[in-house]
Amino acid sequence: MSDLRQPSRRLARHRLRRMGTRGLQAPSLQPADEAGSMHPDASIDCGWGRLIFGQTFADPKVLVDTLMQEGADRRDIGFYIADPHVVLSHAPQDLFLDPSHTYRLNLATYRPSRRRASGFHVRRLASEADAHAVNRIYQSRGMVTVDPVFFWSHRDSRALTYLVAEDEATGAIIGTVTGIDGPRAFGDPDNGSSLWCLAVDPQATHPGIGETLVRRLAEHFQARGRSFMDLSVMHDNASAIALYEKLGFERVPIFAVKCKNPINEKFFTGSADAFAGLNPYARIIVDEALRRGIQVEVTDAAGGFFRLTHGGRSIHCRESLSELTSAVAMSICDDKAVTRRVVERAGVRVPEQIVADDDRAALETFVEKHGSIVVKPARGEQGRGIAVGIDTVEDAERAIEVARVQSDRVLLESCFEGEDLRLVMIDFRLVAAAIRRPPIVTGDGHTTIRELIERLSRRRAAATGGESSVPLDGETERCVRQAGYDLDDVLPEGEAVTVRKTANLHTGGTIHDVTGQVHPRLIEAAVAATRAIDIPVCGIDFMVKTPHEPDYVFIEANERPGLANHEPQPAAERFVDLLFPLSMPYSSRAARQQKPKDP
């Protein structure tokens, strides 16, 4: 069987190699007056900016003038530039050569995959709610957002195609891609198409979302009879390049030119090696400070320490912990038992709590009374040593030993069933609210739970700069065992298992923005807690039935909350506002002064 396939494979490889070597002579790179059927000086508005088709411009000066008409907060792209050195010579101070590679898929030789996506499906964008969800994903990936009205008004466009990936269980949009039809956009004589804005929700747990979106778009253009599909990818995006090459894309010598603007700044200002060692929680603050012209000095990259200086004011930070937080407030947050007593006196609802000691009878009584308990170290962070949903004395004893690795003193709490709500409070105001969900794997009928967890960890690490992964430890084994499986069991197709009960990001949890949905009583309780601790920046954790209802129980207060992964909320911006209020635009300062401090 393999011998019969060899000629067709060799032929396909030959065609792709020929396509790559002939890239510079392709008709799509000829001047407009030679191509004949192309629309002259053509561009298309994509919502985030214009895609300007370089091969349709006979005069490079006209192309440059078109690029220089870029709108505010937009990102125009001059694509299919045959002679980028000539284009740049007309405006070297205003334009730059995009450091991206162009890859092309020959749709004549492309073959669809026989493997069906599991847990999600791909469809066209169909509502304004879809458009808002796409923007949420764009923001989480640092991409330029699009007016939802633009998406909606172009849903039936002949030139633009918007596809979304929808989670079959929740209905959430978890990925998106945009396609442009060359003949319909600018009368492309080469009969081509292109792929843009491929983005997957960093919180998505299903594998293969990006690959499925690329394939569906390729099949869409293949059905239209298009000859190829091009895309542009950053030169150092190794994982994306590996995916495209696996699908049959080959690199072609086609270039893009962009305007020097704040959106593109990182691509033309050179290396940011001085900040490369910072984790995402420090880097998001540093990036916001740099955008405002605030001086940044990294004092210890590995620990997330940096100093910000603006005018005569200088503040040392460790991620979102700054010199504005007192040692007393930090000490209160450091000891979970003290935190509980302080906020309880302020009227905040807290769970029943005892200190774990060697009294087995007291432990049995506590477990029997509450049915399910939480075991956690009195001191610790990032979810280390915490076990949730303990319902036997034996499991409780094992969890206590694990927790004692983090802290000599271990606490037992009654377990409140519900969802984990993180409220980010800055200057005693709610800035961001998110439901944190524990990591879940979904079976495919032939992969072990251990392998599914390892795959999930790789995806979470890639989405969070290495900050999130699921530990393969005793707590994970307990949670899997509680679901009726062992780590080396094959999980049936479609079966979902929660592999950790804690929803902490560092142990594989995901974050889902609910800022606009939080019940006022929950905000009042968070304000009361932060005022009782007297802390200017804090992450307040509640267990809630739903963020829409007032029922809650206080879990803990974090003096160094992570400000990353809270898109679309401006958490880093509000932190820098607190540190350097004069760096805020005047209009923002005026609006802020008009708002009452408490809800």
# chains A, B, ... in the order shown; residues from 1 in each chain; ligands from 1

call {"tool": "residues_around", "arguments": {"residues": "range 155-160 of chain A", "least_positions_apart": "2", "cutoff": "12 Å", "atoms": "only C-alpha atoms", "output": "compact mmCIF listing (two decimals) with all heavy atoms, in the first residue's frame"}}
result
# COMPACT_ATOMS: atom_id res chain seq x y z
N SER A 43 -7.32 47.70 -1.76
CA SER A 43 -7.21 47.37 -0.33
C SER A 43 -8.57 46.91 0.15
O SER A 43 -9.59 47.11 -0.53
CB SER A 43 -6.73 48.57 0.48
OG SER A 43 -7.70 49.61 0.45
N ILE A 44 -8.58 46.29 1.33
CA ILE A 44 -9.85 45.86 1.92
C ILE A 44 -9.82 46.15 3.41
O ILE A 44 -8.81 45.91 4.08
CB ILE A 44 -10.13 44.36 1.65
CG1 ILE A 44 -11.51 43.96 2.17
CG2 ILE A 44 -9.04 43.47 2.24
CD1 ILE A 44 -11.94 42.57 1.75
N ASP A 45 -10.90 46.71 3.92
CA ASP A 45 -11.00 47.00 5.35
C ASP A 45 -11.36 45.71 6.08
O ASP A 45 -12.38 45.08 5.78
CB ASP A 45 -12.08 48.07 5.59
CG ASP A 45 -12.12 48.54 7.03
OD1 ASP A 45 -11.35 48.03 7.86
OD2 ASP A 45 -12.95 49.43 7.34
N CYS A 46 -10.52 45.33 7.05
CA CYS A 46 -10.75 44.10 7.80
C CYS A 46 -11.25 44.36 9.21
O CYS A 46 -11.35 43.44 10.02
CB CYS A 46 -9.46 43.28 7.86
SG CYS A 46 -8.81 42.80 6.26
N GLY A 47 -11.52 45.61 9.53
CA GLY A 47 -12.00 45.95 10.87
C GLY A 47 -10.88 46.37 11.79
O GLY A 47 -10.96 47.38 12.47
N LEU A 51 -6.03 45.65 4.74
CA LEU A 51 -5.05 44.81 4.06
C LEU A 51 -4.85 45.44 2.68
O LEU A 51 -5.79 45.52 1.88
CB LEU A 51 -5.54 43.37 3.94
CG LEU A 51 -4.51 42.37 3.42
CD1 LEU A 51 -3.31 42.28 4.34
CD2 LEU A 51 -5.15 40.99 3.26
N ARG A 123 -17.98 26.90 12.73
CA ARG A 123 -19.09 27.44 11.95
C ARG A 123 -18.78 28.90 11.60
O ARG A 123 -17.79 29.47 12.06
CB ARG A 123 -20.40 27.36 12.74
CG ARG A 123 -20.36 28.12 14.06
CD ARG A 123 -21.74 28.18 14.70
NE ARG A 123 -21.76 28.76 16.02
CZ ARG A 123 -21.71 30.06 16.28
NH1 ARG A 123 -21.62 30.96 15.29
NH2 ARG A 123 -21.75 30.51 17.53
N ARG A 124 -19.64 29.49 10.78
CA ARG A 124 -19.48 30.92 10.47
C ARG A 124 -19.91 31.77 11.66
O ARG A 124 -20.76 31.37 12.45
CB ARG A 124 -20.33 31.29 9.25
CG ARG A 124 -19.71 30.91 7.91
CD ARG A 124 -20.64 31.35 6.79
NE ARG A 124 -20.06 31.11 5.48
CZ ARG A 124 -19.36 32.00 4.79
NH1 ARG A 124 -19.15 33.20 5.30
NH2 ARG A 124 -18.89 31.71 3.60
N LEU A 125 -19.33 32.96 11.76
CA LEU A 125 -19.78 33.94 12.74
C LEU A 125 -21.24 34.26 12.44
O LEU A 125 -21.59 34.55 11.29
CB LEU A 125 -18.91 35.19 12.65
CG LEU A 125 -19.19 36.30 13.66
CD1 LEU A 125 -17.89 36.96 14.10
CD2 LEU A 125 -20.11 37.36 13.05
N ALA A 126 -22.10 34.20 13.47
CA ALA A 126 -23.53 34.27 13.20
C ALA A 126 -24.29 35.29 14.03
O ALA A 126 -25.50 35.43 13.85
CB ALA A 126 -24.16 32.88 13.42
N SER A 127 -23.63 35.99 14.96
CA SER A 127 -24.36 36.93 15.80
C SER A 127 -23.41 37.98 16.35
O SER A 127 -22.19 37.81 16.31
CB SER A 127 -25.05 36.20 16.96
OG SER A 127 -24.07 35.70 17.85
N GLU A 128 -23.98 39.05 16.91
CA GLU A 128 -23.15 40.06 17.54
C GLU A 128 -22.50 39.50 18.80
O GLU A 128 -21.41 39.94 19.20
CB GLU A 128 -23.96 41.31 17.86
CG GLU A 128 -24.32 42.12 16.62
CD GLU A 128 -24.70 43.55 16.96
OE1 GLU A 128 -23.96 44.19 17.72
OE2 GLU A 128 -25.73 44.01 16.44
N ASP A 130 -21.29 36.52 19.01
CA ASP A 130 -20.07 35.90 18.47
C ASP A 130 -18.99 36.95 18.29
O ASP A 130 -17.81 36.71 18.60
CB ASP A 130 -20.36 35.24 17.11
CG ASP A 130 -21.19 33.98 17.22
OD1 ASP A 130 -21.37 33.48 18.35
OD2 ASP A 130 -21.65 33.49 16.17
N ALA A 131 -19.38 38.12 17.77
CA ALA A 131 -18.40 39.19 17.51
C ALA A 131 -17.75 39.64 18.81
O ALA A 131 -16.53 39.85 18.87
CB ALA A 131 -19.09 40.35 16.80
N PRO A 148 -17.76 45.31 16.91
CA PRO A 148 -18.69 44.21 16.64
C PRO A 148 -19.67 44.50 15.51
O PRO A 148 -20.08 43.59 14.79
CB PRO A 148 -19.41 44.02 17.98
CG PRO A 148 -18.44 44.52 19.00
CD PRO A 148 -17.74 45.67 18.34
N VAL A 149 -20.03 45.77 15.34
CA VAL A 149 -20.94 46.14 14.25
C VAL A 149 -20.30 45.84 12.89
O VAL A 149 -20.97 45.43 11.94
CB VAL A 149 -21.34 47.63 14.34
CG1 VAL A 149 -22.18 48.05 13.14
CG2 VAL A 149 -22.09 47.89 15.64
N PHE A 150 -18.97 46.02 12.80
CA PHE A 150 -18.27 45.72 11.56
C PHE A 150 -18.37 44.22 11.25
O PHE A 150 -18.68 43.83 10.12
CB PHE A 150 -16.80 46.13 11.67
CG PHE A 150 -15.99 45.85 10.41
CD1 PHE A 150 -15.86 46.82 9.43
CD2 PHE A 150 -15.39 44.61 10.21
CE1 PHE A 150 -15.13 46.57 8.28
CE2 PHE A 150 -14.67 44.34 9.05
CZ PHE A 150 -14.54 45.32 8.09
N PHE A 151 -18.09 43.40 12.27
CA PHE A 151 -18.22 41.95 12.07
C PHE A 151 -19.62 41.61 11.56
O PHE A 151 -19.78 40.88 10.58
CB PHE A 151 -18.00 41.23 13.40
CG PHE A 151 -16.57 40.94 13.75
CD1 PHE A 151 -16.08 41.26 15.00
CD2 PHE A 151 -15.71 40.35 12.85
CE1 PHE A 151 -14.77 40.98 15.35
CE2 PHE A 151 -14.40 40.07 13.18
CZ PHE A 151 -13.93 40.39 14.43
N TRP A 152 -20.60 42.15 12.24
CA TRP A 152 -21.99 41.78 11.93
C TRP A 152 -22.39 42.26 10.53
O TRP A 152 -23.05 41.54 9.78
CB TRP A 152 -22.90 42.36 12.99
CG TRP A 152 -24.35 41.98 12.84
CD1 TRP A 152 -25.41 42.79 12.70
CD2 TRP A 152 -24.87 40.64 12.84
NE1 TRP A 152 -26.57 42.07 12.61
CE2 TRP A 152 -26.27 40.74 12.69
CE3 TRP A 152 -24.30 39.38 12.95
CZ2 TRP A 152 -27.10 39.64 12.64
CZ3 TRP A 152 -25.13 38.26 12.89
CH2 TRP A 152 -26.51 38.40 12.75
N SER A 153 -21.98 43.47 10.17
CA SER A 153 -22.36 44.02 8.88
C SER A 153 -21.65 43.33 7.72
O SER A 153 -22.10 43.42 6.58
CB SER A 153 -22.08 45.52 8.84
OG SER A 153 -20.70 45.79 8.98
N TYR A 162 -15.55 34.89 8.12
CA TYR A 162 -15.25 34.76 9.53
C TYR A 162 -15.74 33.40 10.02
O TYR A 162 -16.93 33.09 9.95
CB TYR A 162 -15.94 35.85 10.35
CG TYR A 162 -15.55 37.26 9.97
CD1 TYR A 162 -16.46 38.10 9.34
CD2 TYR A 162 -14.28 37.74 10.23
CE1 TYR A 162 -16.11 39.40 8.99
CE2 TYR A 162 -13.91 39.03 9.88
CZ TYR A 162 -14.83 39.85 9.26
OH TYR A 162 -14.47 41.13 8.91
N LEU A 163 -14.82 32.61 10.56
CA LEU A 163 -15.17 31.32 11.16
C LEU A 163 -14.88 31.38 12.65
O LEU A 163 -13.93 32.04 13.09
CB LEU A 163 -14.37 30.19 10.52
CG LEU A 163 -14.53 29.96 9.02
CD1 LEU A 163 -13.67 28.78 8.58
CD2 LEU A 163 -15.99 29.72 8.65
N VAL A 164 -15.70 30.68 13.43
CA VAL A 164 -15.46 30.57 14.87
C VAL A 164 -15.56 29.11 15.27
O VAL A 164 -16.26 28.31 14.64
CB VAL A 164 -16.48 31.41 15.68
CG1 VAL A 164 -16.29 32.90 15.42
CG2 VAL A 164 -17.92 30.98 15.38
N VAL A 177 -10.93 32.56 13.08
CA VAL A 177 -10.01 32.78 11.96
C VAL A 177 -10.75 33.59 10.90
O VAL A 177 -11.98 33.49 10.78
CB VAL A 177 -9.48 31.46 11.38
CG1 VAL A 177 -10.58 30.69 10.65
CG2 VAL A 177 -8.29 31.68 10.46
N THR A 178 -10.01 34.41 10.17
CA THR A 178 -10.57 35.23 9.10
C THR A 178 -9.93 34.83 7.78
O THR A 178 -8.72 34.62 7.71
CB THR A 178 -10.31 36.72 9.35
OG1 THR A 178 -10.92 37.09 10.59
CG2 THR A 178 -10.88 37.58 8.24
N GLY A 179 -10.74 34.72 6.74
CA GLY A 179 -10.22 34.42 5.41
C GLY A 179 -10.55 35.53 4.42
O GLY A 179 -11.59 36.19 4.55
N ILE A 180 -9.65 35.76 3.46
CA ILE A 180 -9.88 36.76 2.42
C ILE A 180 -9.79 36.08 1.06
O ILE A 180 -8.80 35.39 0.76
CB ILE A 180 -8.87 37.92 2.53
CG1 ILE A 180 -9.12 38.67 3.84
CG2 ILE A 180 -8.98 38.85 1.34
CD1 ILE A 180 -8.20 39.84 4.06
N ASP A 181 -10.81 36.25 0.26
CA ASP A 181 -10.90 35.67 -1.08
C ASP A 181 -10.28 36.65 -2.07
O ASP A 181 -10.81 37.74 -2.31
CB ASP A 181 -12.37 35.41 -1.41
CG ASP A 181 -12.55 34.63 -2.70
OD1 ASP A 181 -11.99 35.06 -3.74
OD2 ASP A 181 -13.25 33.60 -2.67
N GLY A 182 -9.14 36.29 -2.67
CA GLY A 182 -8.41 37.18 -3.56
C GLY A 182 -9.21 37.68 -4.75
O GLY A 182 -9.30 38.89 -4.97
N PRO A 183 -9.80 36.80 -5.55
CA PRO A 183 -10.57 37.27 -6.71
C PRO A 183 -11.71 38.21 -6.32
O PRO A 183 -12.00 39.18 -7.03
CB PRO A 183 -11.09 35.98 -7.34
CG PRO A 183 -10.08 34.94 -6.95
CD PRO A 183 -9.66 35.33 -5.57
N ARG A 184 -12.38 37.93 -5.20
CA ARG A 184 -13.50 38.77 -4.81
C ARG A 184 -13.05 40.06 -4.12
O ARG A 184 -13.79 41.04 -4.09
CB ARG A 184 -14.43 37.98 -3.89
CG ARG A 184 -15.11 36.83 -4.63
CD ARG A 184 -15.99 36.00 -3.74
NE ARG A 184 -16.72 35.00 -4.52
CZ ARG A 184 -17.58 34.13 -3.99
NH1 ARG A 184 -17.81 34.14 -2.69
NH2 ARG A 184 -18.21 33.26 -4.76
N ALA A 185 -11.84 40.06 -3.56
CA ALA A 185 -11.34 41.25 -2.88
C ALA A 185 -10.69 42.23 -3.85
O ALA A 185 -10.87 43.45 -3.71
CB ALA A 185 -10.34 40.86 -1.80
N PHE A 186 -9.92 41.70 -4.83
CA PHE A 186 -9.22 42.64 -5.71
C PHE A 186 -9.02 42.09 -7.13
O PHE A 186 -8.19 42.58 -7.89
CB PHE A 186 -7.85 43.03 -5.13
CG PHE A 186 -6.86 41.89 -4.99
CD1 PHE A 186 -5.87 41.68 -5.94
CD2 PHE A 186 -6.90 41.04 -3.90
CE1 PHE A 186 -4.95 40.66 -5.82
CE2 PHE A 186 -5.98 40.01 -3.76
CZ PHE A 186 -5.01 39.83 -4.73
N GLY A 187 -9.83 41.08 -7.50
CA GLY A 187 -9.71 40.52 -8.85
C GLY A 187 -8.40 39.79 -9.06
O GLY A 187 -7.79 39.90 -10.13
N ASP A 188 -7.96 39.03 -8.06
CA ASP A 188 -6.68 38.34 -8.09
C ASP A 188 -6.59 37.39 -9.30
O ASP A 188 -7.32 36.40 -9.37
CB ASP A 188 -6.50 37.55 -6.79
CG ASP A 188 -5.16 36.83 -6.71
OD1 ASP A 188 -4.30 37.08 -7.57
OD2 ASP A 188 -4.99 36.04 -5.77
N GLY A 192 -6.02 33.32 -5.75
CA GLY A 192 -5.56 32.96 -4.42
C GLY A 192 -6.51 33.37 -3.30
O GLY A 192 -7.54 34.00 -3.51
N SER A 193 -6.12 33.01 -2.09
CA SER A 193 -6.84 33.39 -0.88
C SER A 193 -5.81 33.52 0.23
O SER A 193 -4.65 33.15 0.06
CB SER A 193 -7.88 32.32 -0.52
OG SER A 193 -7.25 31.07 -0.25
N SER A 194 -6.25 34.06 1.38
CA SER A 194 -5.30 34.20 2.49
C SER A 194 -6.02 34.05 3.82
O SER A 194 -7.23 34.24 3.93
CB SER A 194 -4.58 35.54 2.42
OG SER A 194 -5.49 36.62 2.40
N LEU A 195 -5.25 33.70 4.84
CA LEU A 195 -5.73 33.46 6.20
C LEU A 195 -5.17 34.53 7.12
O LEU A 195 -3.96 34.82 7.08
CB LEU A 195 -5.29 32.07 6.66
CG LEU A 195 -5.59 31.62 8.09
CD1 LEU A 195 -5.64 30.09 8.13
CD2 LEU A 195 -4.57 32.12 9.12
N TRP A 196 -6.02 35.10 7.98
CA TRP A 196 -5.61 36.13 8.91
C TRP A 196 -6.27 35.93 10.26
O TRP A 196 -7.31 35.30 10.37
CB TRP A 196 -5.96 37.53 8.37
CG TRP A 196 -5.31 37.80 7.06
CD1 TRP A 196 -5.81 37.53 5.82
CD2 TRP A 196 -3.99 38.33 6.87
NE1 TRP A 196 -4.89 37.87 4.86
CE2 TRP A 196 -3.77 38.38 5.46
CE3 TRP A 196 -2.99 38.79 7.72
CZ2 TRP A 196 -2.58 38.85 4.92
CZ3 TRP A 196 -1.81 39.27 7.18
CH2 TRP A 196 -1.62 39.30 5.79
N CYS A 197 -5.63 36.49 11.30
CA CYS A 197 -6.23 36.57 12.64
C CYS A 197 -6.64 35.22 13.22
O CYS A 197 -7.71 35.09 13.84
CB CYS A 197 -7.44 37.50 12.63
SG CYS A 197 -7.05 39.19 12.19
N LEU A 217 -10.95 26.53 6.96
CA LEU A 217 -10.83 27.66 6.05
C LEU A 217 -10.22 27.22 4.72
O LEU A 217 -10.67 27.64 3.64
CB LEU A 217 -9.98 28.77 6.68
CG LEU A 217 -9.98 30.10 5.92
CD1 LEU A 217 -11.39 30.70 5.86
CD2 LEU A 217 -9.01 31.09 6.55
N HIS A 220 -12.86 25.52 2.83
CA HIS A 220 -13.81 26.51 2.32
C HIS A 220 -13.32 27.11 1.00
O HIS A 220 -14.06 27.18 0.01
CB HIS A 220 -14.00 27.60 3.38
CG HIS A 220 -14.69 28.83 2.89
ND1 HIS A 220 -16.05 28.89 2.65
CD2 HIS A 220 -14.20 30.07 2.60
CE1 HIS A 220 -16.37 30.11 2.24
NE2 HIS A 220 -15.27 30.84 2.19
N PHE A 221 -12.04 27.52 0.96
CA PHE A 221 -11.50 28.12 -0.26
C PHE A 221 -11.27 27.07 -1.34
O PHE A 221 -11.38 27.37 -2.54
CB PHE A 221 -10.21 28.87 0.06
CG PHE A 221 -10.43 30.18 0.76
CD1 PHE A 221 -9.71 30.50 1.91
CD2 PHE A 221 -11.35 31.10 0.29
CE1 PHE A 221 -9.91 31.71 2.55
CE2 PHE A 221 -11.56 32.31 0.93
CZ PHE A 221 -10.84 32.61 2.06
N ARG A 224 -14.37 26.69 -3.16
CA ARG A 224 -14.61 27.81 -4.07
C ARG A 224 -13.72 27.74 -5.31
O ARG A 224 -13.83 28.59 -6.19
CB ARG A 224 -14.34 29.13 -3.34
CG ARG A 224 -15.45 29.58 -2.41
CD ARG A 224 -15.17 31.01 -1.92
NE ARG A 224 -16.26 31.54 -1.10
CZ ARG A 224 -16.27 32.76 -0.59
NH1 ARG A 224 -15.26 33.59 -0.85
NH2 ARG A 224 -17.28 33.18 0.14

call {"tool": "select_by_dssp", "arguments": {"residues": "range 366-475 of chain A", "states": "alpha helix (DSSP H)", "output": "PyMOL selection string"}}
result
chain A and resi 366-370+393-403+449-463+474-475

call {"tool": "closest_residue", "arguments": {"among": "A:Ile440, A:Cys259, A:Val233, A:Cys479", "to": "Gly78 in chain A", "atoms": "only C-alpha atoms"}}
result
A:Cys259

call {"tool": "atom_distance", "arguments": {"atom1": "CA of Ile354 in chain A", "atom2": "CA of Ile555 in chain A"}}
result
13.9 Å

call {"tool": "residues_around", "arguments": {"residues": "Lys258 in chain A", "least_positions_apart": "5", "cutoff": "12 Å", "atoms": "only C-alpha atoms", "output": "PyMOL selection string"}}
result
chain A and resi 49-52+54+63-64+66-70+74-79+81+84+87-88+91-100+263-265+267-268

call {"tool": "residues_around", "arguments": {"residues": "Ser457 in chain A", "least_positions_apart": "4", "cutoff": "12 Å", "atoms": "only C-alpha atoms", "output": "compact mmCIF listing (two decimals) with N, CA and C atoms, in the first residue's frame"}}
result
# COMPACT_ATOMS: atom_id res chain seq x y z
N GLN A 203 -7.71 30.04 27.40
CA GLN A 203 -8.32 29.22 28.44
C GLN A 203 -8.92 27.92 27.89
N ALA A 204 -8.95 27.78 26.57
CA ALA A 204 -9.58 26.60 25.96
C ALA A 204 -8.80 25.34 26.30
N THR A 205 -9.50 24.25 26.56
CA THR A 205 -8.85 23.00 26.96
C THR A 205 -8.85 21.95 25.86
N HIS A 206 -9.64 22.15 24.81
CA HIS A 206 -9.70 21.16 23.74
C HIS A 206 -8.45 21.23 22.87
N PRO A 207 -7.87 20.10 22.51
CA PRO A 207 -6.72 20.12 21.59
C PRO A 207 -7.16 20.31 20.15
N PRO A 439 -8.79 22.47 36.32
CA PRO A 439 -8.47 21.83 35.04
C PRO A 439 -9.30 20.57 34.81
N ILE A 440 -9.76 20.43 33.57
CA ILE A 440 -10.60 19.30 33.17
C ILE A 440 -10.02 18.69 31.91
N VAL A 441 -10.00 17.36 31.84
CA VAL A 441 -9.61 16.68 30.61
C VAL A 441 -10.83 15.94 30.07
N ARG A 450 -3.37 10.14 32.10
CA ARG A 450 -2.05 10.72 32.31
C ARG A 450 -1.59 11.50 31.07
N GLU A 451 -1.77 10.90 29.90
CA GLU A 451 -1.38 11.56 28.65
C GLU A 451 -2.24 12.79 28.38
N LEU A 452 -3.54 12.70 28.69
CA LEU A 452 -4.42 13.86 28.50
C LEU A 452 -3.99 15.02 29.40
N ILE A 453 -3.59 14.70 30.63
CA ILE A 453 -3.13 15.74 31.56
C ILE A 453 -1.84 16.36 31.04
N ALA A 461 0.71 25.75 29.60
CA ALA A 461 2.01 26.41 29.71
C ALA A 461 2.25 27.34 28.53
N ALA A 462 1.88 26.88 27.33
CA ALA A 462 2.07 27.71 26.14
C ALA A 462 1.20 28.96 26.21
N ALA A 463 0.01 28.85 26.77
CA ALA A 463 -0.93 29.98 26.82
C ALA A 463 -0.60 30.97 27.92
N THR A 464 0.23 30.57 28.91
CA THR A 464 0.49 31.44 30.06
C THR A 464 1.97 31.73 30.26
N GLY A 465 2.76 31.52 29.23
CA GLY A 465 4.19 31.79 29.37
C GLY A 465 4.86 30.87 30.37
N GLY A 466 4.37 29.64 30.47
CA GLY A 466 4.98 28.66 31.37
C GLY A 466 4.48 28.73 32.80
N GLU A 467 3.48 29.57 33.08
CA GLU A 467 3.03 29.76 34.46
C GLU A 467 2.01 28.72 34.91
N SER A 468 1.40 28.00 33.99
CA SER A 468 0.31 27.09 34.36
C SER A 468 0.57 25.68 33.87
N SER A 469 0.41 24.72 34.76
CA SER A 469 0.49 23.30 34.39
C SER A 469 -0.15 22.48 35.50
N VAL A 470 -0.55 21.26 35.16
CA VAL A 470 -1.22 20.39 36.13
C VAL A 470 -0.18 19.45 36.73
N PRO A 471 0.09 19.54 38.03
CA PRO A 471 1.07 18.64 38.64
C PRO A 471 0.56 17.19 38.64
N LEU A 472 1.41 16.27 38.28
CA LEU A 472 1.07 14.85 38.37
C LEU A 472 1.52 14.36 39.75
N VAL A 499 -9.45 17.08 37.14
CA VAL A 499 -8.23 16.43 37.64
C VAL A 499 -7.59 17.16 38.82
N LEU A 505 -4.54 29.14 38.92
CA LEU A 505 -3.94 29.18 37.59
C LEU A 505 -2.66 28.36 37.51
N HIS A 506 -1.84 28.42 38.56
CA HIS A 506 -0.55 27.75 38.53
C HIS A 506 -0.66 26.23 38.51
N THR A 507 -1.80 25.69 38.92
CA THR A 507 -1.99 24.25 38.87
C THR A 507 -2.96 23.84 37.76
N GLY A 508 -3.02 24.66 36.71
CA GLY A 508 -3.78 24.27 35.53
C GLY A 508 -5.15 24.87 35.40
N GLY A 509 -5.58 25.71 36.36
CA GLY A 509 -6.90 26.31 36.30
C GLY A 509 -7.01 27.33 35.17
N THR A 510 -8.25 27.66 34.83
CA THR A 510 -8.50 28.66 33.79
C THR A 510 -9.30 29.83 34.37

call {"tool": "residues_around", "arguments": {"residues": "Gly208 in chain A", "least_positions_apart": "4", "cutoff": "12 Å", "atoms": "only C-alpha atoms", "output": "number ranges by chain"}}
result
A: 113, 115-122, 165, 174-175, 200, 204, 212-215, 240, 243, 455-456, 459

call {"tool": "closest_residue", "arguments": {"among": "A:Phe542, A:Phe305, A:Phe366, A:Phe554", "to": "Ile435 in chain A", "atoms": "only C-alpha atoms"}}
result
A:Phe542

call {"tool": "residues_around", "arguments": {"residues": "Pro520 in chain A", "least_positions_apart": "2", "cutoff": "10 Å", "atoms": "only C-alpha atoms", "output": "tab-separated table (two decimals) with N, CA, C and O atoms, in the first residue's frame"}}
result
chain	number	residue	atom	x	y	z
A	517	GLN	N	-20.82	41.06	35.72
A	517	GLN	CA	-21.91	40.22	36.20
A	517	GLN	C	-21.93	40.05	37.72
A	517	GLN	O	-22.79	39.35	38.26
A	518	VAL	N	-21.00	40.68	38.43
A	518	VAL	CA	-20.85	40.44	39.86
A	518	VAL	C	-21.95	41.14	40.66
A	518	VAL	O	-22.21	42.33	40.47
A	522	LEU	N	-21.38	41.12	46.66
A	522	LEU	CA	-20.05	40.52	46.60
A	522	LEU	C	-18.99	41.61	46.54
A	522	LEU	O	-17.92	41.50	47.16
A	523	ILE	N	-19.27	42.66	45.78
A	523	ILE	CA	-18.33	43.79	45.69
A	523	ILE	C	-18.21	44.47	47.05
A	523	ILE	O	-17.10	44.80	47.51
A	524	GLU	N	-19.34	44.67	47.73
A	524	GLU	CA	-19.32	45.29	49.06
A	524	GLU	C	-18.48	44.46	50.02
A	524	GLU	O	-17.70	45.02	50.82
A	525	ALA	N	-18.61	43.14	49.96
A	525	ALA	CA	-17.84	42.27	50.86
A	525	ALA	C	-16.35	42.36	50.55
A	525	ALA	O	-15.52	42.37	51.46
A	526	ALA	N	-16.01	42.43	49.26
A	526	ALA	CA	-14.59	42.54	48.87
A	526	ALA	C	-14.01	43.87	49.32
A	526	ALA	O	-12.85	43.93	49.79
A	547	PRO	N	-21.70	34.16	40.35
A	547	PRO	CA	-21.37	35.57	40.59
A	547	PRO	C	-22.58	36.49	40.53
A	547	PRO	O	-22.50	37.62	41.00
A	548	HIS	N	-23.72	36.01	40.00
A	548	HIS	CA	-24.91	36.85	39.90
A	548	HIS	C	-25.68	36.93	41.21
A	548	HIS	O	-26.58	37.75	41.36
A	549	GLU	N	-25.36	36.06	42.19
A	549	GLU	CA	-26.12	35.98	43.43
A	549	GLU	C	-25.26	36.42	44.61
A	549	GLU	O	-24.03	36.37	44.55
A	550	PRO	N	-25.89	36.84	45.71
A	550	PRO	CA	-25.13	37.41	46.84
A	550	PRO	C	-24.47	36.38	47.75
A	550	PRO	O	-23.65	36.75	48.59
A	599	PRO	N	-18.63	51.14	46.18
A	599	PRO	CA	-19.82	50.89	45.37
A	599	PRO	C	-21.07	51.31	46.12
A	599	PRO	O	-21.11	51.35	47.32

call {"tool": "atom_distance", "arguments": {"atom1": "CA of Glu495 in chain A", "atom2": "CA of Ile209 in chain A"}}
result
18.4 Å

call {"tool": "residues_around", "arguments": {"residues": "Val343 in chain A", "least_positions_apart": "5", "cutoff": "10 Å", "atoms": "only C-alpha atoms", "output": "list in words"}}
result
Val338, Val348, Arg349, Val350, Ala525, Ala526, Ala528, Ala529, Thr530, Arg531, Ala532, Ile533, Phe554, Glu556 and Ala557 of chain A

call {"tool": "atom_distance", "arguments": {"atom1": "CA of Asn558 in chain A", "atom2": "CA of Cys538 in chain A"}}
result
5.6 Å
